[in-house]
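> Below you'll find the structure I mean.
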Number of protein chains: 2
Amino acid sequence: MTYNIMSATCPSRVVLHRIGARWTVFIVNALEHGPLRFTALATRIQGITPKVLAETLRSLDEDGLLSRTVFDDNPPNVEYELTELASALLVPLRAVREWAEAHVPEVLAARAALNPEHRQPATAPTGGR
Amino acid sequence: MTYNIMSATCPSRVVLHRIGARWTVFIVNALEHGPLRFTALATRIQGITPKVLAETLRSLDEDGLLSRTVFDDNPPNVEYELTELASALLVPLRAVREWAEAHVPEVLAARAALNPEHRQPATAPTGGR
C-alpha cells in the first residue's frame with residue numbers, strides 16, 4: 001500500500017500530525033545521544049511543564065517511538081530511549097532543529113520588515129535620517 | 001550568536017514553533033516542484049480549508065519562506081513559490097513526510113498493541129484458536 005499525506009483520509013496524516021505535536025521535536029532531539037530520565041528531560045527542555053512532558057512521552061511511547069525502563073528507585077524513576085523506529089526520525093528532526101537555529105536572523109528580518117498596519121518595502125532606507 | 005531551541009527564551013524556539021504549525025509541512029512539500037496557485041494548493045492538500053490555507057500561507061510569507069506573484073486575472077489569483085530560505089527547509093520536511101508515509105504500519109501496530117484500559121503485551125498471540 002502506498003501512503004500519501006496529501007490525501008485527507010490517509011493514515012500517514014495521523015502519523016504526521018503526531019510527529020508535528022508541539023514538543024515532539026524537542027524530546028526526540030533531547031534523546032539523540034542516549035537515554036535520559038524524566039527529570040533530566042525536564043531540565044534539558046526548558047519551559048516544558050511536567051504534565052505536558054509526561055503526556056508527550058506517553059504519546060511517543062504509544063506510537064512505538066520510545067522505550068521505557070523503570071528504575072526501582074525511591075521515588076521511582078523512568079528512563080526514556082529512542083527506539084530504532086525513532087532513530088530514523090531523528091535525522092530529519094535534527095535537521096529541522098538545525099534549520100531553526102541557523103536561520104533565526106533571516107526569519108526575524110523578514111518579520112521585522114512587516115508593519116502591523118501594512119507591509120513596508122523590504123528596501124526601506126537603513127542609513128541617514 | 002548561538003541559538004539553542006532547548007533554551008526557553010531563545011528566538012529559535014519561535015521559529016521552530018512556526019515551522020511546526022499543523023499545515024506548514026504540507027504546504028512546503030506541495031511546493032517542492034515549483035510554484036502553485038492558491039486553488040491548486042487547495043486541491044492538492046486535501047482537507048485544508050481555504051481559511052486555514054490562506055492563514056498559513058500568510059504566515060509563511062511573513063517569515064520569508066514564500067514569495068507571492070499576483071496575477072491580474074479575473075478573479076485575481078496568487079501564485080506561491082518557496083524562497084531560497086525555504087528550499088533549505090524542504091529537505092528535512094520532505095524527509096519528515098517520507099518517514100510518516102514509510103512507517104505507518106509500525107506506528108499503527110504499536111497503537112493497536114495498546115488496550116484502552118491497560119497495555120497488552122506486544123507479544124500477544126496472533127495465531128492458533
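Letters A, B, ... mark the chains of the C-alpha cells in the order given; residue numbers begin at 1 per chain; ligand numbers begin at 1, in order shown.
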Let's have chain A fitted on chain B; use all the C-alpha atoms paired in order for the least-squares step and return it as a compact mmCIF listing (two decimals) with N, CA and C atoms, in the first residue's frame.

```txt
# COMPACT_ATOMS: atom_id res chain seq x y z
N MET A 1 26.17 34.94 17.37
CA MET A 1 25.29 34.43 18.43
C MET A 1 24.89 32.99 18.13
N THR A 2 24.88 32.19 19.17
CA THR A 2 24.48 30.79 19.03
C THR A 2 23.05 30.63 19.53
N TYR A 3 22.24 29.99 18.71
CA TYR A 3 20.86 29.75 19.09
C TYR A 3 20.68 28.31 19.52
N ASN A 4 19.78 28.10 20.47
CA ASN A 4 19.55 26.76 21.01
C ASN A 4 18.08 26.61 21.35
N ILE A 5 17.41 25.71 20.64
CA ILE A 5 15.96 25.56 20.86
C ILE A 5 15.63 25.09 22.27
N MET A 6 16.60 24.48 22.95
CA MET A 6 16.30 23.97 24.29
C MET A 6 16.18 25.09 25.32
N SER A 7 16.63 26.27 24.96
CA SER A 7 16.54 27.42 25.86
C SER A 7 15.19 28.10 25.70
N ALA A 8 14.49 28.28 26.81
CA ALA A 8 13.09 28.74 26.76
C ALA A 8 12.95 30.10 26.09
N THR A 9 13.96 30.95 26.20
CA THR A 9 13.84 32.31 25.68
C THR A 9 14.55 32.51 24.35
N CYS A 10 15.09 31.44 23.78
CA CYS A 10 15.83 31.57 22.52
C CYS A 10 14.85 31.84 21.37
N PRO A 11 15.14 32.82 20.53
CA PRO A 11 14.23 33.10 19.41
C PRO A 11 14.11 31.94 18.42
N SER A 12 15.08 31.02 18.42
CA SER A 12 14.96 29.86 17.52
C SER A 12 13.72 29.02 17.86
N ARG A 13 13.29 29.11 19.10
CA ARG A 13 12.11 28.35 19.50
C ARG A 13 10.85 28.88 18.81
N VAL A 14 10.77 30.19 18.68
CA VAL A 14 9.65 30.79 17.96
C VAL A 14 9.66 30.32 16.51
N VAL A 15 10.85 30.34 15.91
CA VAL A 15 10.99 29.89 14.53
C VAL A 15 10.55 28.43 14.40
N LEU A 16 11.01 27.62 15.32
CA LEU A 16 10.68 26.20 15.28
C LEU A 16 9.18 25.97 15.43
N HIS A 17 8.56 26.70 16.31
CA HIS A 17 7.12 26.51 16.50
C HIS A 17 6.34 26.92 15.25
N ARG A 18 6.86 27.91 14.53
CA ARG A 18 6.17 28.29 13.29
C ARG A 18 6.32 27.19 12.24
N ILE A 19 7.52 26.62 12.13
CA ILE A 19 7.72 25.52 11.18
C ILE A 19 6.80 24.35 11.54
N GLY A 20 6.63 24.18 12.86
CA GLY A 20 5.84 23.05 13.33
C GLY A 20 4.35 23.25 13.24
N ALA A 21 3.92 24.43 12.77
CA ALA A 21 2.48 24.66 12.63
C ALA A 21 1.88 23.55 11.77
N ARG A 22 0.67 23.17 12.13
CA ARG A 22 0.03 21.97 11.60
C ARG A 22 0.16 21.77 10.09
N TRP A 23 0.01 22.83 9.30
CA TRP A 23 -0.06 22.66 7.85
C TRP A 23 1.21 23.08 7.11
N THR A 24 2.20 23.58 7.84
CA THR A 24 3.42 24.04 7.16
C THR A 24 4.07 22.92 6.34
N VAL A 25 4.19 21.75 6.94
CA VAL A 25 4.86 20.64 6.26
C VAL A 25 4.13 20.26 4.97
N PHE A 26 2.82 20.42 4.96
CA PHE A 26 2.05 20.10 3.75
C PHE A 26 2.33 21.12 2.65
N ILE A 27 2.30 22.39 3.03
CA ILE A 27 2.48 23.44 2.02
C ILE A 27 3.89 23.41 1.44
N VAL A 28 4.89 23.28 2.30
CA VAL A 28 6.27 23.25 1.80
C VAL A 28 6.47 22.06 0.87
N ASN A 29 5.94 20.91 1.24
CA ASN A 29 6.07 19.73 0.37
C ASN A 29 5.28 19.89 -0.92
N ALA A 30 4.12 20.51 -0.83
CA ALA A 30 3.30 20.68 -2.04
C ALA A 30 3.98 21.58 -3.06
N LEU A 31 4.84 22.48 -2.57
CA LEU A 31 5.52 23.42 -3.48
C LEU A 31 6.90 22.94 -3.90
N GLU A 32 7.21 21.67 -3.63
CA GLU A 32 8.58 21.21 -3.85
C GLU A 32 9.01 21.27 -5.32
N HIS A 33 8.06 21.12 -6.24
CA HIS A 33 8.44 21.07 -7.66
C HIS A 33 8.25 22.41 -8.37
N GLY A 34 7.86 23.43 -7.62
CA GLY A 34 7.69 24.74 -8.25
C GLY A 34 6.46 25.44 -7.76
N PRO A 35 6.23 26.65 -8.26
CA PRO A 35 5.13 27.48 -7.78
C PRO A 35 3.76 26.89 -8.09
N LEU A 36 2.82 27.18 -7.24
CA LEU A 36 1.42 26.78 -7.44
C LEU A 36 0.51 27.93 -7.04
N ARG A 37 -0.63 27.98 -7.69
CA ARG A 37 -1.62 28.97 -7.31
C ARG A 37 -2.45 28.45 -6.14
N PHE A 38 -3.13 29.41 -5.52
CA PHE A 38 -3.94 29.09 -4.33
C PHE A 38 -4.87 27.91 -4.58
N THR A 39 -5.58 27.97 -5.71
CA THR A 39 -6.57 26.93 -5.98
C THR A 39 -5.91 25.56 -6.17
N ALA A 40 -4.73 25.56 -6.78
CA ALA A 40 -4.02 24.29 -6.97
C ALA A 40 -3.54 23.74 -5.63
N LEU A 41 -3.08 24.61 -4.74
CA LEU A 41 -2.67 24.17 -3.41
C LEU A 41 -3.86 23.59 -2.65
N ALA A 42 -4.99 24.28 -2.75
CA ALA A 42 -6.18 23.82 -2.03
C ALA A 42 -6.63 22.45 -2.53
N THR A 43 -6.42 22.21 -3.82
CA THR A 43 -6.80 20.91 -4.39
C THR A 43 -5.80 19.83 -3.98
N ARG A 44 -4.52 20.20 -4.00
CA ARG A 44 -3.49 19.19 -3.71
C ARG A 44 -3.50 18.75 -2.26
N ILE A 45 -3.67 19.72 -1.34
CA ILE A 45 -3.65 19.40 0.10
C ILE A 45 -5.09 19.14 0.53
N GLN A 46 -5.49 17.90 0.40
CA GLN A 46 -6.88 17.55 0.66
C GLN A 46 -7.25 17.81 2.10
N GLY A 47 -8.43 18.41 2.31
CA GLY A 47 -8.95 18.57 3.65
C GLY A 47 -8.59 19.88 4.31
N ILE A 48 -7.71 20.65 3.72
CA ILE A 48 -7.39 21.96 4.29
C ILE A 48 -8.49 22.94 3.87
N THR A 49 -8.95 23.75 4.81
CA THR A 49 -9.98 24.73 4.45
C THR A 49 -9.31 25.95 3.82
N PRO A 50 -10.03 26.66 2.93
CA PRO A 50 -9.46 27.86 2.33
C PRO A 50 -8.98 28.87 3.37
N LYS A 51 -9.72 28.98 4.46
CA LYS A 51 -9.34 29.94 5.51
C LYS A 51 -7.99 29.56 6.14
N VAL A 52 -7.85 28.29 6.49
CA VAL A 52 -6.60 27.85 7.13
C VAL A 52 -5.45 27.91 6.12
N LEU A 53 -5.72 27.54 4.88
CA LEU A 53 -4.67 27.64 3.86
C LEU A 53 -4.20 29.08 3.71
N ALA A 54 -5.16 30.00 3.64
CA ALA A 54 -4.79 31.42 3.49
C ALA A 54 -3.98 31.91 4.68
N GLU A 55 -4.39 31.51 5.88
CA GLU A 55 -3.68 31.95 7.09
C GLU A 55 -2.26 31.39 7.13
N THR A 56 -2.12 30.11 6.78
CA THR A 56 -0.79 29.50 6.84
C THR A 56 0.11 30.08 5.77
N LEU A 57 -0.44 30.33 4.58
CA LEU A 57 0.35 30.97 3.52
C LEU A 57 0.82 32.35 3.95
N ARG A 58 -0.06 33.10 4.59
CA ARG A 58 0.31 34.45 5.03
C ARG A 58 1.44 34.37 6.05
N SER A 59 1.32 33.44 6.98
CA SER A 59 2.35 33.29 8.01
C SER A 59 3.70 32.92 7.39
N LEU A 60 3.68 31.98 6.45
CA LEU A 60 4.92 31.57 5.79
C LEU A 60 5.51 32.71 4.97
N ASP A 61 4.64 33.49 4.36
CA ASP A 61 5.09 34.66 3.61
C ASP A 61 5.75 35.66 4.55
N GLU A 62 5.13 35.88 5.70
CA GLU A 62 5.68 36.84 6.67
C GLU A 62 7.02 36.38 7.23
N ASP A 63 7.22 35.08 7.27
CA ASP A 63 8.50 34.54 7.77
C ASP A 63 9.56 34.49 6.68
N GLY A 64 9.22 34.93 5.48
CA GLY A 64 10.20 34.95 4.41
C GLY A 64 10.38 33.60 3.72
N LEU A 65 9.40 32.71 3.90
CA LEU A 65 9.54 31.37 3.32
C LEU A 65 8.85 31.24 1.97
N LEU A 66 7.95 32.15 1.68
CA LEU A 66 7.23 32.10 0.40
C LEU A 66 7.34 33.44 -0.30
N SER A 67 7.34 33.39 -1.63
CA SER A 67 7.16 34.61 -2.40
C SER A 67 5.83 34.52 -3.13
N ARG A 68 5.19 35.66 -3.28
CA ARG A 68 3.87 35.72 -3.88
C ARG A 68 3.95 36.46 -5.22
N THR A 69 3.27 35.93 -6.21
CA THR A 69 3.13 36.63 -7.48
C THR A 69 1.64 36.80 -7.75
N VAL A 70 1.21 38.05 -7.86
CA VAL A 70 -0.22 38.32 -8.06
C VAL A 70 -0.49 38.41 -9.55
N PHE A 71 -1.46 37.63 -10.01
CA PHE A 71 -1.87 37.67 -11.41
C PHE A 71 -3.14 38.48 -11.53
N ASP A 72 -3.16 39.33 -12.54
CA ASP A 72 -4.28 40.24 -12.71
C ASP A 72 -5.41 39.56 -13.47
N ASP A 73 -5.75 38.37 -13.00
CA ASP A 73 -6.84 37.63 -13.63
C ASP A 73 -8.17 38.12 -13.07
N ASN A 74 -9.23 37.57 -13.60
CA ASN A 74 -10.54 37.86 -13.05
C ASN A 74 -11.23 36.53 -12.78
N PRO A 75 -11.35 36.07 -11.53
CA PRO A 75 -10.92 36.77 -10.32
C PRO A 75 -9.39 36.74 -10.17
N PRO A 76 -8.82 37.68 -9.42
CA PRO A 76 -7.37 37.73 -9.26
C PRO A 76 -6.86 36.44 -8.62
N ASN A 77 -5.67 36.05 -8.99
CA ASN A 77 -5.11 34.83 -8.44
C ASN A 77 -3.69 35.10 -7.97
N VAL A 78 -3.25 34.32 -7.03
CA VAL A 78 -1.91 34.50 -6.47
C VAL A 78 -1.16 33.18 -6.57
N GLU A 79 0.09 33.29 -7.02
CA GLU A 79 0.93 32.11 -7.11
C GLU A 79 1.97 32.15 -5.99
N TYR A 80 2.21 31.00 -5.39
CA TYR A 80 3.15 30.92 -4.26
C TYR A 80 4.34 30.05 -4.65
N GLU A 81 5.52 30.50 -4.20
CA GLU A 81 6.75 29.76 -4.52
C GLU A 81 7.64 29.77 -3.29
N LEU A 82 8.36 28.67 -3.09
CA LEU A 82 9.31 28.63 -1.98
C LEU A 82 10.46 29.59 -2.25
N THR A 83 10.86 30.33 -1.21
CA THR A 83 12.05 31.17 -1.34
C THR A 83 13.30 30.29 -1.16
N GLU A 84 14.45 30.91 -1.38
CA GLU A 84 15.71 30.18 -1.16
C GLU A 84 15.82 29.71 0.30
N LEU A 85 15.35 30.59 1.20
CA LEU A 85 15.35 30.23 2.63
C LEU A 85 14.54 28.96 2.87
N ALA A 86 13.40 28.85 2.21
CA ALA A 86 12.53 27.69 2.41
C ALA A 86 13.08 26.44 1.72
N SER A 87 13.86 26.65 0.67
CA SER A 87 14.41 25.49 -0.04
C SER A 87 15.29 24.66 0.88
N ALA A 88 16.00 25.34 1.79
CA ALA A 88 16.84 24.60 2.75
C ALA A 88 15.98 23.84 3.75
N LEU A 89 14.79 24.36 3.99
CA LEU A 89 13.88 23.69 4.92
C LEU A 89 13.15 22.52 4.25
N LEU A 90 13.02 22.62 2.93
CA LEU A 90 12.31 21.55 2.21
C LEU A 90 12.97 20.19 2.41
N VAL A 91 14.29 20.18 2.46
CA VAL A 91 15.00 18.89 2.56
C VAL A 91 14.57 18.12 3.82
N PRO A 92 14.69 18.73 5.03
CA PRO A 92 14.23 17.96 6.19
C PRO A 92 12.72 17.75 6.23
N LEU A 93 11.94 18.71 5.73
CA LEU A 93 10.48 18.51 5.79
C LEU A 93 10.01 17.44 4.81
N ARG A 94 10.75 17.29 3.71
CA ARG A 94 10.45 16.17 2.82
C ARG A 94 10.82 14.85 3.50
N ALA A 95 11.91 14.86 4.24
CA ALA A 95 12.31 13.64 4.95
C ALA A 95 11.30 13.28 6.04
N VAL A 96 10.76 14.29 6.71
CA VAL A 96 9.72 14.04 7.72
C VAL A 96 8.49 13.43 7.05
N ARG A 97 8.12 14.01 5.92
CA ARG A 97 6.98 13.46 5.18
C ARG A 97 7.25 12.00 4.79
N GLU A 98 8.44 11.75 4.26
CA GLU A 98 8.76 10.39 3.81
C GLU A 98 8.78 9.41 4.98
N TRP A 99 9.26 9.88 6.13
CA TRP A 99 9.26 9.01 7.31
C TRP A 99 7.81 8.65 7.67
N ALA A 100 6.93 9.66 7.69
CA ALA A 100 5.52 9.41 8.05
C ALA A 100 4.88 8.41 7.08
N GLU A 101 5.19 8.57 5.79
CA GLU A 101 4.57 7.70 4.79
C GLU A 101 5.17 6.29 4.82
N ALA A 102 6.43 6.20 5.22
CA ALA A 102 7.11 4.90 5.21
C ALA A 102 6.81 4.06 6.44
N HIS A 103 6.50 4.73 7.56
CA HIS A 103 6.43 3.99 8.82
C HIS A 103 5.02 3.88 9.40
N VAL A 104 4.03 4.09 8.54
CA VAL A 104 2.64 3.93 9.00
C VAL A 104 2.42 2.55 9.63
N PRO A 105 2.85 1.46 9.00
CA PRO A 105 2.54 0.15 9.58
C PRO A 105 3.11 -0.03 10.99
N GLU A 106 4.35 0.41 11.20
CA GLU A 106 4.95 0.25 12.53
C GLU A 106 4.22 1.07 13.59
N VAL A 107 3.87 2.31 13.23
CA VAL A 107 3.19 3.17 14.22
C VAL A 107 1.80 2.61 14.51
N LEU A 108 1.10 2.18 13.46
CA LEU A 108 -0.24 1.61 13.68
C LEU A 108 -0.15 0.33 14.50
N ALA A 109 0.89 -0.47 14.25
CA ALA A 109 1.05 -1.72 15.00
C ALA A 109 1.33 -1.43 16.48
N ALA A 110 2.15 -0.40 16.72
CA ALA A 110 2.43 -0.04 18.12
C ALA A 110 1.15 0.40 18.82
N ARG A 111 0.35 1.18 18.12
CA ARG A 111 -0.92 1.64 18.68
C ARG A 111 -1.88 0.47 18.90
N ALA A 112 -1.91 -0.44 17.92
CA ALA A 112 -2.84 -1.57 18.01
C ALA A 112 -2.50 -2.49 19.16
N ALA A 113 -1.24 -2.48 19.58
CA ALA A 113 -0.82 -3.34 20.68
C ALA A 113 -1.30 -2.82 22.03
N LEU A 114 -1.86 -1.61 22.02
CA LEU A 114 -2.35 -1.03 23.26
C LEU A 114 -3.81 -1.39 23.48
N ASN A 115 -4.15 -1.53 24.72
CA ASN A 115 -5.54 -1.72 25.10
C ASN A 115 -5.99 -0.40 25.72
N PRO A 116 -7.22 0.04 25.42
CA PRO A 116 -7.67 1.31 26.01
C PRO A 116 -7.59 1.30 27.54
N GLU A 117 -7.79 0.15 28.13
CA GLU A 117 -7.79 0.07 29.59
C GLU A 117 -6.37 -0.01 30.14
N HIS A 118 -5.60 -0.92 29.60
CA HIS A 118 -4.21 -1.08 30.03
C HIS A 118 -3.47 -1.77 28.91
N ARG A 119 -2.14 -1.73 28.98
CA ARG A 119 -1.36 -2.29 27.90
C ARG A 119 -1.50 -3.79 27.80
N GLN A 120 -1.55 -4.26 26.58
CA GLN A 120 -1.46 -5.69 26.32
C GLN A 120 -0.01 -5.99 25.96
N PRO A 121 0.47 -7.19 26.30
CA PRO A 121 1.82 -7.53 25.87
C PRO A 121 1.90 -7.53 24.35
N ALA A 122 3.04 -7.05 23.83
CA ALA A 122 3.20 -6.96 22.38
C ALA A 122 3.27 -8.34 21.76
N THR A 123 3.49 -9.37 22.61
CA THR A 123 3.65 -10.72 22.11
C THR A 123 2.36 -11.53 22.24
N ALA A 124 1.24 -10.85 22.24
CA ALA A 124 -0.04 -11.55 22.33
C ALA A 124 -0.14 -12.57 21.19
N PRO A 125 -0.73 -13.73 21.46
CA PRO A 125 -0.77 -14.77 20.42
C PRO A 125 -1.56 -14.30 19.20
N THR A 126 -1.06 -14.65 18.04
CA THR A 126 -1.73 -14.22 16.81
C THR A 126 -2.33 -15.40 16.07
N GLY A 127 -1.97 -16.61 16.46
CA GLY A 127 -2.51 -17.77 15.78
C GLY A 127 -3.42 -18.56 16.70
N GLY A 128 -3.99 -19.65 16.19
CA GLY A 128 -4.83 -20.53 17.01
C GLY A 128 -6.03 -19.79 17.55
N ARG A 129 -6.66 -20.28 18.49
CA ARG A 129 -7.78 -19.70 19.22
C ARG A 129 -7.56 -18.27 19.61
```
> In region 15-100 of chain B, what's alpha helix (DSSP H) per DSSP? Answer as a ChimeraX atom specification?
/B:15-19,24-30,38-44,50-62,84-100
> Could those residues be written to a file, using C-alpha atoms, as a tab-separated table (two decimals), in the first residue's frame?

```tsv
chain	number	residue	atom	x	y	z
B	15	VAL	CA	11.00	29.88	14.54
B	16	LEU	CA	10.67	26.19	15.29
B	17	HIS	CA	7.11	26.54	16.51
B	18	ARG	CA	6.16	28.28	13.29
B	19	ILE	CA	7.70	25.50	11.19
B	24	THR	CA	3.40	24.03	7.17
B	25	VAL	CA	4.83	20.62	6.27
B	26	PHE	CA	2.01	20.08	3.76
B	27	ILE	CA	2.46	23.43	2.03
B	28	VAL	CA	6.25	23.22	1.81
B	29	ASN	CA	6.04	19.69	0.39
B	30	ALA	CA	3.27	20.65	-2.03
B	38	PHE	CA	-3.93	29.10	-4.34
B	39	THR	CA	-6.58	26.94	-5.99
B	40	ALA	CA	-4.03	24.29	-6.97
B	41	LEU	CA	-2.69	24.18	-3.41
B	42	ALA	CA	-6.21	23.85	-2.02
B	43	THR	CA	-6.83	20.93	-4.37
B	44	ARG	CA	-3.54	19.20	-3.70
B	50	PRO	CA	-9.46	27.91	2.33
B	51	LYS	CA	-9.31	29.98	5.51
B	52	VAL	CA	-6.58	27.88	7.12
B	53	LEU	CA	-4.66	27.65	3.85
B	54	ALA	CA	-4.76	31.44	3.49
B	55	GLU	CA	-3.64	31.98	7.08
B	56	THR	CA	-0.78	29.51	6.83
B	57	LEU	CA	0.38	30.97	3.50
B	58	ARG	CA	0.35	34.45	5.01
B	59	SER	CA	2.38	33.30	8.00
B	60	LEU	CA	4.95	31.55	5.77
B	61	ASP	CA	5.12	34.64	3.59
B	62	GLU	CA	5.72	36.84	6.63
B	84	GLU	CA	15.72	30.09	-1.17
B	85	LEU	CA	15.36	30.15	2.62
B	86	ALA	CA	12.53	27.62	2.41
B	87	SER	CA	14.41	25.40	-0.03
B	88	ALA	CA	16.82	24.52	2.76
B	89	LEU	CA	13.85	23.63	4.94
B	90	LEU	CA	12.28	21.49	2.23
B	91	VAL	CA	14.97	18.82	2.60
B	92	PRO	CA	14.18	17.90	6.22
B	93	LEU	CA	10.43	18.48	5.82
B	94	ARG	CA	10.39	16.11	2.84
B	95	ALA	CA	12.24	13.59	4.98
B	96	VAL	CA	9.65	14.01	7.76
B	97	ARG	CA	6.90	13.43	5.21
B	98	GLU	CA	8.67	10.36	3.86
B	99	TRP	CA	9.16	8.98	7.36
B	100	ALA	CA	5.43	9.40	8.09
```
> Could you find all residues in chain A that DSSP calls strand (DSSP E or B) from the backbone, and write them as a list in words?
Leu36, Arg37, Leu66, Ser67, Arg68, Thr69, Val70, Phe71, Asn77, Val78, Glu79, Tyr80, Glu81 and Leu82 of chain A
